[in-house]
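Colleague: Structure file final-v9.cif (mmCIF, C-alpha atoms, pLDDT in the B column; chains and numbers go by the auth columns) is given on the next line.
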```cif
data_input
loop_
_atom_site.group_PDB
_atom_site.id
_atom_site.type_symbol
_atom_site.label_atom_id
_atom_site.label_comp_id
_atom_site.label_asym_id
_atom_site.label_seq_id
_atom_site.Cartn_x
_atom_site.Cartn_y
_atom_site.Cartn_z
_atom_site.B_iso_or_equiv
_atom_site.auth_seq_id
_atom_site.auth_asym_id
ATOM 1 C CA MET A 1 0.000 0.000 0.000 66.00 1 Z
ATOM 2 C CA LYS A 2 2.834 2.368 0.917 68.00 2 Z
ATOM 3 C CA LYS A 3 4.644 1.499 -2.307 72.00 3 Z
ATOM 4 C CA ARG A 4 1.541 2.232 -4.358 73.00 4 Z
ATOM 5 C CA PHE A 5 0.962 5.591 -2.603 69.00 5 Z
ATOM 6 C CA LEU A 6 4.635 6.568 -3.151 73.00 6 Z
ATOM 7 C CA TYR A 7 4.386 5.524 -6.821 73.00 7 Z
ATOM 8 C CA ILE A 8 1.189 7.548 -7.442 75.00 8 Z
ATOM 9 C CA SER A 9 2.552 10.557 -5.530 74.00 9 Z
ATOM 10 C CA THR A 10 5.768 10.542 -7.585 76.00 10 Z
ATOM 11 C CA ILE A 11 3.861 10.392 -10.890 75.00 11 Z
ATOM 12 C CA THR A 12 1.503 13.178 -9.757 73.00 12 Z
ATOM 13 C CA VAL A 13 4.398 15.473 -8.747 71.00 13 Z
ATOM 14 C CA CYS A 14 6.172 14.800 -12.065 68.00 14 Z
ATOM 15 C CA LEU A 15 3.031 15.641 -14.020 65.00 15 Z
ATOM 16 C CA PHE A 16 2.542 18.883 -12.075 66.00 16 Z
ATOM 17 C CA CYS A 17 6.172 19.858 -12.656 66.00 17 Z
ATOM 18 C CA ALA A 18 5.939 19.080 -16.347 64.00 18 Z
ATOM 19 C CA ALA A 19 2.711 21.065 -16.628 61.00 19 Z
ATOM 20 C CA CYS A 20 4.280 24.117 -14.999 57.00 20 Z
ATOM 21 C CA ASN A 21 7.087 24.298 -17.563 57.00 21 Z
ATOM 22 C CA HIS A 22 4.731 25.229 -20.377 57.00 22 Z
ATOM 23 C CA TYR A 23 5.672 28.676 -21.699 60.00 23 Z
ATOM 24 C CA SER A 24 3.308 30.771 -23.735 64.00 24 Z
ATOM 25 C CA PRO A 25 4.926 33.843 -25.329 67.00 25 Z
ATOM 26 C CA LYS A 26 3.042 37.110 -25.220 65.00 26 Z
ATOM 27 C CA PRO A 27 2.338 38.867 -28.500 64.00 27 Z
ATOM 28 C CA THR A 28 4.593 41.771 -29.396 65.00 28 Z
ATOM 29 C CA GLY A 29 3.306 45.052 -28.044 64.00 29 Z
ATOM 30 C CA TYR A 30 4.148 48.584 -29.084 63.00 30 Z
ATOM 31 C CA TYR A 31 4.401 51.773 -27.091 68.00 31 Z
ATOM 32 C CA ARG A 32 1.405 54.025 -27.126 71.00 32 Z
ATOM 33 C CA ILE A 33 2.031 57.068 -29.286 76.00 33 Z
ATOM 34 C CA ASP A 34 0.265 60.257 -28.250 80.00 34 Z
ATOM 35 C CA LEU A 35 -0.332 62.272 -31.401 86.00 35 Z
ATOM 36 C CA PRO A 36 -0.886 66.017 -31.150 88.00 36 Z
ATOM 37 C CA GLU A 37 -3.869 67.793 -32.632 92.00 37 Z
ATOM 38 C CA PRO A 38 -2.899 68.584 -36.247 92.00 38 Z
ATOM 39 C CA ALA A 39 -2.100 72.221 -37.049 94.00 39 Z
ATOM 40 C CA TYR A 40 -1.029 73.621 -40.414 96.00 40 Z
ATOM 41 C CA ARG A 41 0.626 76.701 -41.869 95.00 41 Z
ATOM 42 C CA TRP A 42 0.873 78.104 -45.391 96.00 42 Z
ATOM 43 C CA GLN A 43 4.361 77.673 -46.782 94.00 43 Z
ATOM 44 C CA ALA A 44 5.682 79.467 -49.857 92.00 44 Z
ATOM 45 C CA PHE A 45 8.152 77.660 -52.100 91.00 45 Z
ATOM 46 C CA PRO A 46 9.698 79.064 -55.293 89.00 46 Z
ATOM 47 C CA ALA A 47 7.258 77.287 -57.657 90.00 47 Z
ATOM 48 C CA PHE A 48 4.220 76.612 -55.450 93.00 48 Z
ATOM 49 C CA ASP A 49 2.441 77.254 -52.152 94.00 49 Z
ATOM 50 C CA CYS A 50 0.798 74.693 -49.880 95.00 50 Z
ATOM 51 C CA ARG A 51 -0.217 74.006 -46.307 96.00 51 Z
ATOM 52 C CA ILE A 52 2.186 71.865 -44.284 95.00 52 Z
ATOM 53 C CA SER A 53 2.098 70.565 -40.741 94.00 53 Z
ATOM 54 C CA ASP A 54 3.472 72.667 -37.888 94.00 54 Z
ATOM 55 C CA ASP A 55 5.404 69.513 -36.878 91.00 55 Z
ATOM 56 C CA VAL A 56 7.477 69.704 -40.072 95.00 56 Z
ATOM 57 C CA GLN A 57 10.959 71.142 -40.452 94.00 57 Z
ATOM 58 C CA ILE A 58 12.016 72.001 -43.998 92.00 58 Z
ATOM 59 C CA THR A 59 15.578 70.855 -44.654 91.00 59 Z
ATOM 60 C CA ALA A 60 17.760 70.858 -47.724 85.00 60 Z
ATOM 61 C CA ASP A 61 18.387 67.478 -49.301 80.00 61 Z
ATOM 62 C CA PRO A 62 22.000 66.621 -48.376 73.00 62 Z
ATOM 63 C CA SER A 63 22.499 64.716 -51.636 73.00 63 Z
ATOM 64 C CA SER A 64 21.802 67.796 -53.798 70.00 64 Z
ATOM 65 C CA ASP A 65 22.873 71.430 -54.000 67.00 65 Z
ATOM 66 C CA ASP A 66 19.700 72.269 -55.892 72.00 66 Z
ATOM 67 C CA ASP A 67 16.894 73.970 -53.916 70.00 67 Z
ATOM 68 C CA LYS A 68 14.367 71.936 -55.921 84.00 68 Z
ATOM 69 C CA PHE A 69 15.215 68.933 -53.725 89.00 69 Z
ATOM 70 C CA PHE A 70 14.247 69.235 -50.068 93.00 70 Z
ATOM 71 C CA ASN A 71 12.811 67.240 -47.177 94.00 71 Z
ATOM 72 C CA LEU A 72 9.811 67.777 -44.930 95.00 72 Z
ATOM 73 C CA LYS A 73 11.201 66.298 -41.733 95.00 73 Z
ATOM 74 C CA TYR A 74 9.200 64.992 -38.759 94.00 74 Z
ATOM 75 C CA PRO A 75 11.909 64.838 -36.071 93.00 75 Z
ATOM 76 C CA ARG A 76 9.503 63.576 -33.395 90.00 76 Z
ATOM 77 C CA TRP A 77 8.710 60.410 -35.393 89.00 77 Z
ATOM 78 C CA ASN A 78 11.982 59.901 -37.232 91.00 78 Z
ATOM 79 C CA ALA A 79 10.284 60.335 -40.609 93.00 79 Z
ATOM 80 C CA GLN A 80 10.639 62.592 -43.612 95.00 80 Z
ATOM 81 C CA ILE A 81 9.010 63.273 -46.938 96.00 81 Z
ATOM 82 C CA HIS A 82 11.637 63.521 -49.675 95.00 82 Z
ATOM 83 C CA CYS A 83 10.392 66.166 -52.114 94.00 83 Z
ATOM 84 C CA SER A 84 11.549 67.154 -55.576 94.00 84 Z
ATOM 85 C CA TYR A 85 10.326 69.723 -58.061 94.00 85 Z
ATOM 86 C CA PHE A 86 11.023 69.636 -61.807 92.00 86 Z
ATOM 87 C CA PHE A 87 10.387 72.218 -64.503 90.00 87 Z
ATOM 88 C CA ILE A 88 8.924 70.556 -67.593 90.00 88 Z
ATOM 89 C CA LYS A 89 10.425 71.711 -70.883 87.00 89 Z
ATOM 90 C CA ASN A 90 8.324 69.544 -73.187 83.00 90 Z
ATOM 91 C CA VAL A 91 5.742 66.749 -73.258 77.00 91 Z
ATOM 92 C CA ASN A 92 8.461 64.087 -73.266 84.00 92 Z
ATOM 93 C CA ASP A 93 9.765 65.416 -69.919 85.00 93 Z
ATOM 94 C CA LEU A 94 6.333 64.987 -68.355 87.00 94 Z
ATOM 95 C CA SER A 95 5.887 61.422 -69.584 87.00 95 Z
ATOM 96 C CA GLN A 96 9.465 60.527 -68.559 91.00 96 Z
ATOM 97 C CA LEU A 97 9.032 61.984 -65.040 90.00 97 Z
ATOM 98 C CA SER A 98 5.658 60.268 -64.650 90.00 98 Z
ATOM 99 C CA GLU A 99 7.095 56.921 -65.721 91.00 99 Z
ATOM 100 C CA GLU A 100 10.154 57.263 -63.432 92.00 100 Z
ATOM 101 C CA SER A 101 7.887 58.043 -60.480 91.00 101 Z
ATOM 102 C CA ARG A 102 5.649 55.089 -61.259 91.00 102 Z
ATOM 103 C CA LYS A 103 8.695 52.784 -61.471 92.00 103 Z
ATOM 104 C CA LEU A 104 9.973 54.041 -58.115 91.00 104 Z
ATOM 105 C CA VAL A 105 6.616 53.196 -56.551 91.00 105 Z
ATOM 106 C CA TYR A 106 6.417 49.744 -58.105 91.00 106 Z
ATOM 107 C CA LEU A 107 9.952 48.844 -56.998 86.00 107 Z
ATOM 108 C CA HIS A 108 8.224 48.118 -53.680 85.00 108 Z
ATOM 109 C CA THR A 109 6.224 45.203 -55.127 83.00 109 Z
ATOM 110 C CA ILE A 110 8.812 42.780 -53.734 85.00 110 Z
ATOM 111 C CA LYS A 111 7.777 43.612 -50.141 84.00 111 Z
ATOM 112 C CA ALA A 112 4.370 45.212 -50.685 84.00 112 Z
ATOM 113 C CA ASP A 113 1.104 43.469 -49.903 89.00 113 Z
ATOM 114 C CA ALA A 114 -0.771 45.932 -52.137 90.00 114 Z
ATOM 115 C CA ILE A 115 -0.289 49.249 -53.931 90.00 115 Z
ATOM 116 C CA LEU A 116 -3.338 51.494 -54.037 93.00 116 Z
ATOM 117 C CA GLU A 117 -3.592 54.509 -56.340 94.00 117 Z
ATOM 118 C CA LYS A 118 -5.847 57.476 -55.677 95.00 118 Z
ATOM 119 C CA ARG A 119 -6.171 60.204 -58.295 95.00 119 Z
ATOM 120 C CA PHE A 120 -6.548 63.892 -57.456 94.00 120 Z
ATOM 121 C CA GLU A 121 -7.811 66.645 -59.680 94.00 121 Z
ATOM 122 C CA ASN A 122 -8.277 70.313 -58.915 92.00 122 Z
ATOM 123 C CA ALA A 123 -9.042 71.801 -62.331 91.00 123 Z
ATOM 124 C CA GLU A 124 -9.544 75.307 -60.920 92.00 124 Z
ATOM 125 C CA HIS A 125 -5.910 75.482 -59.757 91.00 125 Z
ATOM 126 C CA ARG A 126 -4.560 73.069 -62.400 93.00 126 Z
ATOM 127 C CA VAL A 127 -3.308 70.528 -59.870 94.00 127 Z
ATOM 128 C CA PHE A 128 -3.477 66.902 -60.986 95.00 128 Z
ATOM 129 C CA GLY A 129 -1.906 64.020 -59.149 95.00 129 Z
ATOM 130 C CA ILE A 130 -1.758 60.487 -57.858 95.00 130 Z
ATOM 131 C CA LEU A 131 -1.355 59.335 -54.258 96.00 131 Z
ATOM 132 C CA TYR A 132 0.172 55.863 -53.849 96.00 132 Z
ATOM 133 C CA SER A 133 -0.501 53.934 -50.630 95.00 133 Z
ATOM 134 C CA ILE A 134 1.924 51.040 -50.419 92.00 134 Z
ATOM 135 C CA ARG A 135 0.768 48.408 -47.913 92.00 135 Z
ATOM 136 C CA GLY A 136 3.108 46.078 -46.054 88.00 136 Z
ATOM 137 C CA ASN A 137 6.577 46.365 -44.540 89.00 137 Z
ATOM 138 C CA VAL A 138 8.024 48.655 -47.203 90.00 138 Z
ATOM 139 C CA ALA A 139 10.630 51.402 -47.078 88.00 139 Z
ATOM 140 C CA SER A 140 8.270 54.094 -48.362 92.00 140 Z
ATOM 141 C CA PRO A 141 4.599 53.514 -47.461 94.00 141 Z
ATOM 142 C CA THR A 142 3.275 56.674 -49.170 95.00 142 Z
ATOM 143 C CA GLN A 143 4.332 58.439 -52.358 95.00 143 Z
ATOM 144 C CA PHE A 144 2.638 61.055 -54.496 97.00 144 Z
ATOM 145 C CA VAL A 145 3.072 63.129 -57.640 96.00 145 Z
ATOM 146 C CA LEU A 146 1.477 66.447 -58.585 96.00 146 Z
ATOM 147 C CA THR A 147 1.617 68.292 -61.888 94.00 147 Z
ATOM 148 C CA ASP A 148 -0.062 71.062 -63.815 91.00 148 Z
ATOM 149 C CA SER A 149 0.493 68.865 -66.929 87.00 149 Z
ATOM 150 C CA ILE A 150 2.206 71.779 -68.711 88.00 150 Z
ATOM 151 C CA ARG A 151 5.379 72.998 -67.002 90.00 151 Z
ATOM 152 C CA SER A 152 5.635 71.758 -63.385 93.00 152 Z
ATOM 153 C CA PHE A 153 6.055 68.374 -61.709 94.00 153 Z
ATOM 154 C CA PHE A 154 6.307 67.701 -57.963 95.00 154 Z
ATOM 155 C CA ARG A 155 7.080 64.377 -56.301 96.00 155 Z
ATOM 156 C CA GLY A 156 7.025 63.326 -52.623 96.00 156 Z
ATOM 157 C CA ALA A 157 7.983 60.054 -50.919 96.00 157 Z
ATOM 158 C CA LEU A 158 7.550 59.323 -47.210 96.00 158 Z
ATOM 159 C CA TYR A 159 10.338 57.387 -45.460 94.00 159 Z
ATOM 160 C CA PHE A 160 10.739 56.330 -41.839 92.00 160 Z
ATOM 161 C CA ASP A 161 14.332 56.176 -40.603 88.00 161 Z
ATOM 162 C CA ASN A 162 13.939 52.744 -39.017 83.00 162 Z
ATOM 163 C CA ILE A 163 13.259 49.140 -39.971 80.00 163 Z
ATOM 164 C CA PRO A 164 9.912 48.946 -41.788 74.00 164 Z
ATOM 165 C CA ASN A 165 7.204 47.457 -39.575 78.00 165 Z
ATOM 166 C CA GLN A 166 3.685 48.357 -40.634 79.00 166 Z
ATOM 167 C CA ASP A 167 2.172 47.511 -37.245 75.00 167 Z
ATOM 168 C CA SER A 168 4.479 49.687 -35.159 78.00 168 Z
ATOM 169 C CA ILE A 169 4.249 52.782 -37.389 83.00 169 Z
ATOM 170 C CA ALA A 170 0.510 52.519 -38.156 86.00 170 Z
ATOM 171 C CA PRO A 171 -0.727 55.437 -35.971 88.00 171 Z
ATOM 172 C CA VAL A 172 2.074 57.755 -37.095 90.00 172 Z
ATOM 173 C CA LEU A 173 1.628 56.722 -40.730 91.00 173 Z
ATOM 174 C CA GLU A 174 -2.077 57.565 -40.566 94.00 174 Z
ATOM 175 C CA TYR A 175 -1.254 60.941 -38.973 94.00 175 Z
ATOM 176 C CA ILE A 176 1.352 61.822 -41.627 94.00 176 Z
ATOM 177 C CA ASN A 177 -0.908 60.567 -44.440 95.00 177 Z
ATOM 178 C CA ASN A 178 -3.530 63.086 -43.270 96.00 178 Z
ATOM 179 C CA ASP A 179 -0.832 65.788 -43.452 96.00 179 Z
ATOM 180 C CA ILE A 180 -0.023 64.677 -46.998 96.00 180 Z
ATOM 181 C CA LEU A 181 -3.708 64.927 -47.968 96.00 181 Z
ATOM 182 C CA VAL A 182 -3.821 68.499 -46.608 96.00 182 Z
ATOM 183 C CA LEU A 183 -0.673 69.321 -48.611 96.00 183 Z
ATOM 184 C CA ILE A 184 -2.161 67.879 -51.819 95.00 184 Z
ATOM 185 C CA GLU A 185 -5.579 69.498 -51.414 95.00 185 Z
ATOM 186 C CA SER A 186 -4.089 72.932 -50.657 95.00 186 Z
ATOM 187 C CA PHE A 187 -1.406 72.806 -53.351 96.00 187 Z
ATOM 188 C CA ARG A 188 -1.266 75.903 -55.633 95.00 188 Z
ATOM 189 C CA TRP A 189 1.161 76.477 -58.483 93.00 189 Z
ATOM 190 C CA LYS A 190 2.691 79.906 -58.858 88.00 190 Z
ATOM 191 C CA GLN A 191 2.289 81.529 -62.262 75.00 191 Z
#
```
Turn the structure described in the file into structure tokens.

Modeller:
Amino acid sequence: MKKRFLYISTITVCLFCAACNHYSPKPTGYYRIDLPEPAYRWQAFPAFDCRISDDVQITADPSSDDDKFFNLKYPRWNAQIHCSYFFIKNVNDLSQLSEESRKLVYLHTIKADAILEKRFENAEHRVFGILYSIRGNVASPTQFVLTDSIRSFFRGALYFDNIPNQDSIAPVLEYINNDILVLIESFRWKQ
């Protein structure tokens, strides 16, 4: 009887010990990001005017001496919109710039889950464009082009200065995408 009790007790203790070693990892969590209330200001550039976020710092592009290449930097979120402006000399320039921009967007197809295009048209101010939303863990989740289809072409590409992770940047990406929409909708070419 004692042997049987000792045998059953030993098996029971072993089962309890084995059951306690089960480890269940917790899902990855991200820090809560408190986003400020958006505020915008009119900004004059040599070829156009538009509204940009008060969170933005305008910096020269370090890879170019030309003032037609600049960045809209979000220092708080380690992000920036790389911007470039081109003067169109002829119809071939417009089609070449449009095709180059499209190719730059579709280079992300390797990592992208989807690429969504949204067209913009403001005939009153002659602003026509496309906003590309690139879904997935990509280097540049948002890009856009604007043109008057005659002599001016503007391109912007949003980059985060960290490893792409769609889940961790989602609230900031949504916030900056709203800023980009305000920029596009307020965009005015200078004559």

Colleague: Write out as a list of chain:residue names which residues come within 8 Å of Leu183 (chain Z) when counting only C-alpha atoms, dropping same-chain ones fewer than 6 positions away.

Modeller: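 My reading of the contact set: Z:Cys50, Z:Arg51, Z:Ile52.
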
Colleague: Would you kindly translate the PyMOL selection byres ((chain Z and resi 31-48) around 12) into the concrete residues it picks from this file, as an NGL selection string?

Modeller: :Z and (28-30 or 49-58 or 67-70 or 72 or 76-77 or 83-87 or 125-127 or 146-148 or 151-154 or 167-184 or 186-191)

Colleague: The PyMOL selection byres ((chain Z and resi 98) around 12) - which residues does that actually catch in the file I just gave you? List them as a list in words.

Modeller: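 Here the PyMOL selection byres ((chain Z and resi 98) around 12) matches Phe86, Ile88, Val91, Asn92, Asp93, Leu94, Ser95, Gln96, Leu97, Glu99, Glu100, Ser101, Arg102, Lys103, Leu104, Val105, Phe128, Gly129, Ile130, Phe144, Val145, Leu146, Thr147, Ser149, Ser152, Phe153, Phe154 and Arg155 of chain Z.
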
Colleague: Choose the residue, out of Z:Leu6, Z:Asp61, Z:Ile163, Z:Asp66, that has the smallest atom-to-atom separation from His82 (chain Z); count all atoms listed in the file.

Modeller: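 With all atoms listed in the file as the atom set, the closest residue is Z:Asp61.
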
Colleague: The PyMOL selection byres ((chain Z and resi 112-114) around 12) - which residues does that actually catch in the file I just gave you? List them as JSON, numbers by chain.

Modeller: {"Z": [105, 106, 107, 108, 109, 110, 111, 115, 116, 117, 132, 133, 134, 135, 136, 137, 138, 139, 140, 141, 142, 164, 165, 166]}

Colleague: Just to confirm, what's the straight-line distance from CA of Asn78 (chain Z) to CA of Leu131 (chain Z) in Å (one decimal)?

Modeller: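 Computed distance, CA of Asn78 (chain Z) to CA of Leu131 (chain Z), equals 21.6 Å.
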
Colleague: To one decimal place in Å, what is the distance between CA of Leu158 (chain Z) and CA of Pro62 (chain Z)?

Modeller: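 It comes out at 16.2 Å.
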
Colleague: Suppose you want the space between CA of Gln143 (chain Z) and CA of Gly156 (chain Z); what is it in Å?

Modeller: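 For CA of Gln143 (chain Z) relative to CA of Gly156 (chain Z), the distance reads 5.6 Å.
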
Colleague: Show me the residues close to (10.4, 60.0, -43.6) - anything with an atom within 6 Å, counting only C-alpha atoms - and format the list as a ChimeraX atom specification.

Modeller: /Z:79-81,158-160

Colleague: Just add N, CA and C atoms to region 52-84 of chain Z and send it as a PDB file, in the coordinates of the input.

Modeller:
```pdb
ATOM      1  N   ILE Z  52       1.435  72.982 -44.850  1.00 95.00           N
ATOM      2  CA  ILE Z  52       2.186  71.865 -44.284  1.00 95.00           C
ATOM      3  C   ILE Z  52       1.987  71.852 -42.770  1.00 95.00           C
ATOM      4  N   SER Z  53       2.288  70.743 -42.176  1.00 94.00           N
ATOM      5  CA  SER Z  53       2.098  70.565 -40.741  1.00 94.00           C
ATOM      6  C   SER Z  53       3.056  71.452 -39.946  1.00 94.00           C
ATOM      7  N   ASP Z  54       2.600  71.921 -38.794  1.00 94.00           N
ATOM      8  CA  ASP Z  54       3.472  72.667 -37.888  1.00 94.00           C
ATOM      9  C   ASP Z  54       4.570  71.780 -37.307  1.00 94.00           C
ATOM     10  N   ASP Z  55       4.395  70.450 -37.376  1.00 91.00           N
ATOM     11  CA  ASP Z  55       5.404  69.513 -36.878  1.00 91.00           C
ATOM     12  C   ASP Z  55       6.598  69.380 -37.819  1.00 91.00           C
ATOM     13  N   VAL Z  56       6.476  69.902 -39.027  1.00 95.00           N
ATOM     14  CA  VAL Z  56       7.477  69.704 -40.072  1.00 95.00           C
ATOM     15  C   VAL Z  56       8.588  70.744 -40.000  1.00 95.00           C
ATOM     16  N   GLN Z  57       9.812  70.259 -40.231  1.00 94.00           N
ATOM     17  CA  GLN Z  57      10.959  71.142 -40.452  1.00 94.00           C
ATOM     18  C   GLN Z  57      11.379  70.967 -41.913  1.00 94.00           C
ATOM     19  N   ILE Z  58      11.586  72.073 -42.605  1.00 92.00           N
ATOM     20  CA  ILE Z  58      12.016  72.001 -43.998  1.00 92.00           C
ATOM     21  C   ILE Z  58      13.539  72.000 -44.006  1.00 92.00           C
ATOM     22  N   THR Z  59      14.120  70.968 -44.594  1.00 91.00           N
ATOM     23  CA  THR Z  59      15.578  70.855 -44.654  1.00 91.00           C
ATOM     24  C   THR Z  59      16.014  70.633 -46.092  1.00 91.00           C
ATOM     25  N   ALA Z  60      17.200  71.091 -46.391  1.00 85.00           N
ATOM     26  CA  ALA Z  60      17.760  70.858 -47.724  1.00 85.00           C
ATOM     27  C   ALA Z  60      18.123  69.390 -47.860  1.00 85.00           C
ATOM     28  N   ASP Z  61      17.996  68.868 -49.056  1.00 80.00           N
ATOM     29  CA  ASP Z  61      18.387  67.478 -49.301  1.00 80.00           C
ATOM     30  C   ASP Z  61      19.915  67.427 -49.323  1.00 80.00           C
ATOM     31  N   PRO Z  62      20.539  66.644 -48.439  1.00 73.00           N
ATOM     32  CA  PRO Z  62      22.000  66.621 -48.376  1.00 73.00           C
ATOM     33  C   PRO Z  62      22.662  66.038 -49.616  1.00 73.00           C
ATOM     34  N   SER Z  63      21.912  65.313 -50.431  1.00 73.00           N
ATOM     35  CA  SER Z  63      22.499  64.716 -51.636  1.00 73.00           C
ATOM     36  C   SER Z  63      22.462  65.659 -52.840  1.00 73.00           C
ATOM     37  N   SER Z  64      21.925  66.876 -52.669  1.00 70.00           N
ATOM     38  CA  SER Z  64      21.802  67.796 -53.798  1.00 70.00           C
ATOM     39  C   SER Z  64      22.054  69.234 -53.360  1.00 70.00           C
ATOM     40  N   ASP Z  65      22.678  69.998 -54.240  1.00 67.00           N
ATOM     41  CA  ASP Z  65      22.873  71.430 -54.000  1.00 67.00           C
ATOM     42  C   ASP Z  65      21.706  72.246 -54.534  1.00 67.00           C
ATOM     43  N   ASP Z  66      20.826  71.608 -55.253  1.00 72.00           N
ATOM     44  CA  ASP Z  66      19.700  72.269 -55.892  1.00 72.00           C
ATOM     45  C   ASP Z  66      18.574  72.484 -54.885  1.00 72.00           C
ATOM     46  N   ASP Z  67      17.990  73.687 -54.859  1.00 70.00           N
ATOM     47  CA  ASP Z  67      16.894  73.970 -53.916  1.00 70.00           C
ATOM     48  C   ASP Z  67      15.578  73.329 -54.346  1.00 70.00           C
ATOM     49  N   LYS Z  68      15.575  72.627 -55.479  1.00 84.00           N
ATOM     50  CA  LYS Z  68      14.367  71.936 -55.921  1.00 84.00           C
ATOM     51  C   LYS Z  68      14.244  70.554 -55.272  1.00 84.00           C
ATOM     52  N   PHE Z  69      15.241  70.181 -54.471  1.00 89.00           N
ATOM     53  CA  PHE Z  69      15.215  68.933 -53.725  1.00 89.00           C
ATOM     54  C   PHE Z  69      15.301  69.284 -52.241  1.00 89.00           C
ATOM     55  N   PHE Z  70      14.274  68.905 -51.494  1.00 93.00           N
ATOM     56  CA  PHE Z  70      14.247  69.235 -50.068  1.00 93.00           C
ATOM     57  C   PHE Z  70      13.456  68.160 -49.326  1.00 93.00           C
ATOM     58  N   ASN Z  71      13.513  68.219 -47.999  1.00 94.00           N
ATOM     59  CA  ASN Z  71      12.811  67.240 -47.177  1.00 94.00           C
ATOM     60  C   ASN Z  71      11.874  67.941 -46.207  1.00 94.00           C
ATOM     61  N   LEU Z  72      10.725  67.352 -45.982  1.00 95.00           N
ATOM     62  CA  LEU Z  72       9.811  67.777 -44.930  1.00 95.00           C
ATOM     63  C   LEU Z  72      10.020  66.775 -43.796  1.00 95.00           C
ATOM     64  N   LYS Z  73      10.735  67.197 -42.787  1.00 95.00           N
ATOM     65  CA  LYS Z  73      11.201  66.298 -41.733  1.00 95.00           C
ATOM     66  C   LYS Z  73      10.292  66.342 -40.507  1.00 95.00           C
ATOM     67  N   TYR Z  74       9.948  65.158 -39.996  1.00 94.00           N
ATOM     68  CA  TYR Z  74       9.200  64.992 -38.759  1.00 94.00           C
ATOM     69  C   TYR Z  74      10.176  64.453 -37.707  1.00 94.00           C
ATOM     70  N   PRO Z  75      10.887  65.324 -37.012  1.00 93.00           N
ATOM     71  CA  PRO Z  75      11.909  64.838 -36.071  1.00 93.00           C
ATOM     72  C   PRO Z  75      11.332  64.002 -34.930  1.00 93.00           C
ATOM     73  N   ARG Z  76      10.130  64.304 -34.508  1.00 90.00           N
ATOM     74  CA  ARG Z  76       9.503  63.576 -33.395  1.00 90.00           C
ATOM     75  C   ARG Z  76       9.306  62.094 -33.730  1.00 90.00           C
ATOM     76  N   TRP Z  77       9.014  61.783 -35.003  1.00 89.00           N
ATOM     77  CA  TRP Z  77       8.710  60.410 -35.393  1.00 89.00           C
ATOM     78  C   TRP Z  77       9.754  59.800 -36.313  1.00 89.00           C
ATOM     79  N   ASN Z  78      10.883  60.462 -36.450  1.00 91.00           N
ATOM     80  CA  ASN Z  78      11.982  59.901 -37.232  1.00 91.00           C
ATOM     81  C   ASN Z  78      11.535  59.584 -38.668  1.00 91.00           C
ATOM     82  N   ALA Z  79      10.815  60.521 -39.265  1.00 93.00           N
ATOM     83  CA  ALA Z  79      10.284  60.335 -40.609  1.00 93.00           C
ATOM     84  C   ALA Z  79      10.522  61.600 -41.424  1.00 93.00           C
ATOM     85  N   GLN Z  80      10.528  61.429 -42.735  1.00 95.00           N
ATOM     86  CA  GLN Z  80      10.639  62.592 -43.612  1.00 95.00           C
ATOM     87  C   GLN Z  80      10.032  62.296 -44.973  1.00 95.00           C
ATOM     88  N   ILE Z  81       9.544  63.367 -45.585  1.00 96.00           N
ATOM     89  CA  ILE Z  81       9.010  63.273 -46.938  1.00 96.00           C
ATOM     90  C   ILE Z  81      10.070  63.883 -47.853  1.00 96.00           C
ATOM     91  N   HIS Z  82      10.641  63.048 -48.708  1.00 95.00           N
ATOM     92  CA  HIS Z  82      11.637  63.521 -49.675  1.00 95.00           C
ATOM     93  C   HIS Z  82      10.875  64.149 -50.844  1.00 95.00           C
ATOM     94  N   CYS Z  83      11.126  65.423 -51.088  1.00 94.00           N
ATOM     95  CA  CYS Z  83      10.392  66.166 -52.114  1.00 94.00           C
ATOM     96  C   CYS Z  83      11.323  66.609 -53.231  1.00 94.00           C
ATOM     97  N   SER Z  84      10.786  66.646 -54.435  1.00 94.00           N
ATOM     98  CA  SER Z  84      11.549  67.154 -55.576  1.00 94.00           C
ATOM     99  C   SER Z  84      10.588  67.861 -56.531  1.00 94.00           C
TER     100      SER Z  84
END
```
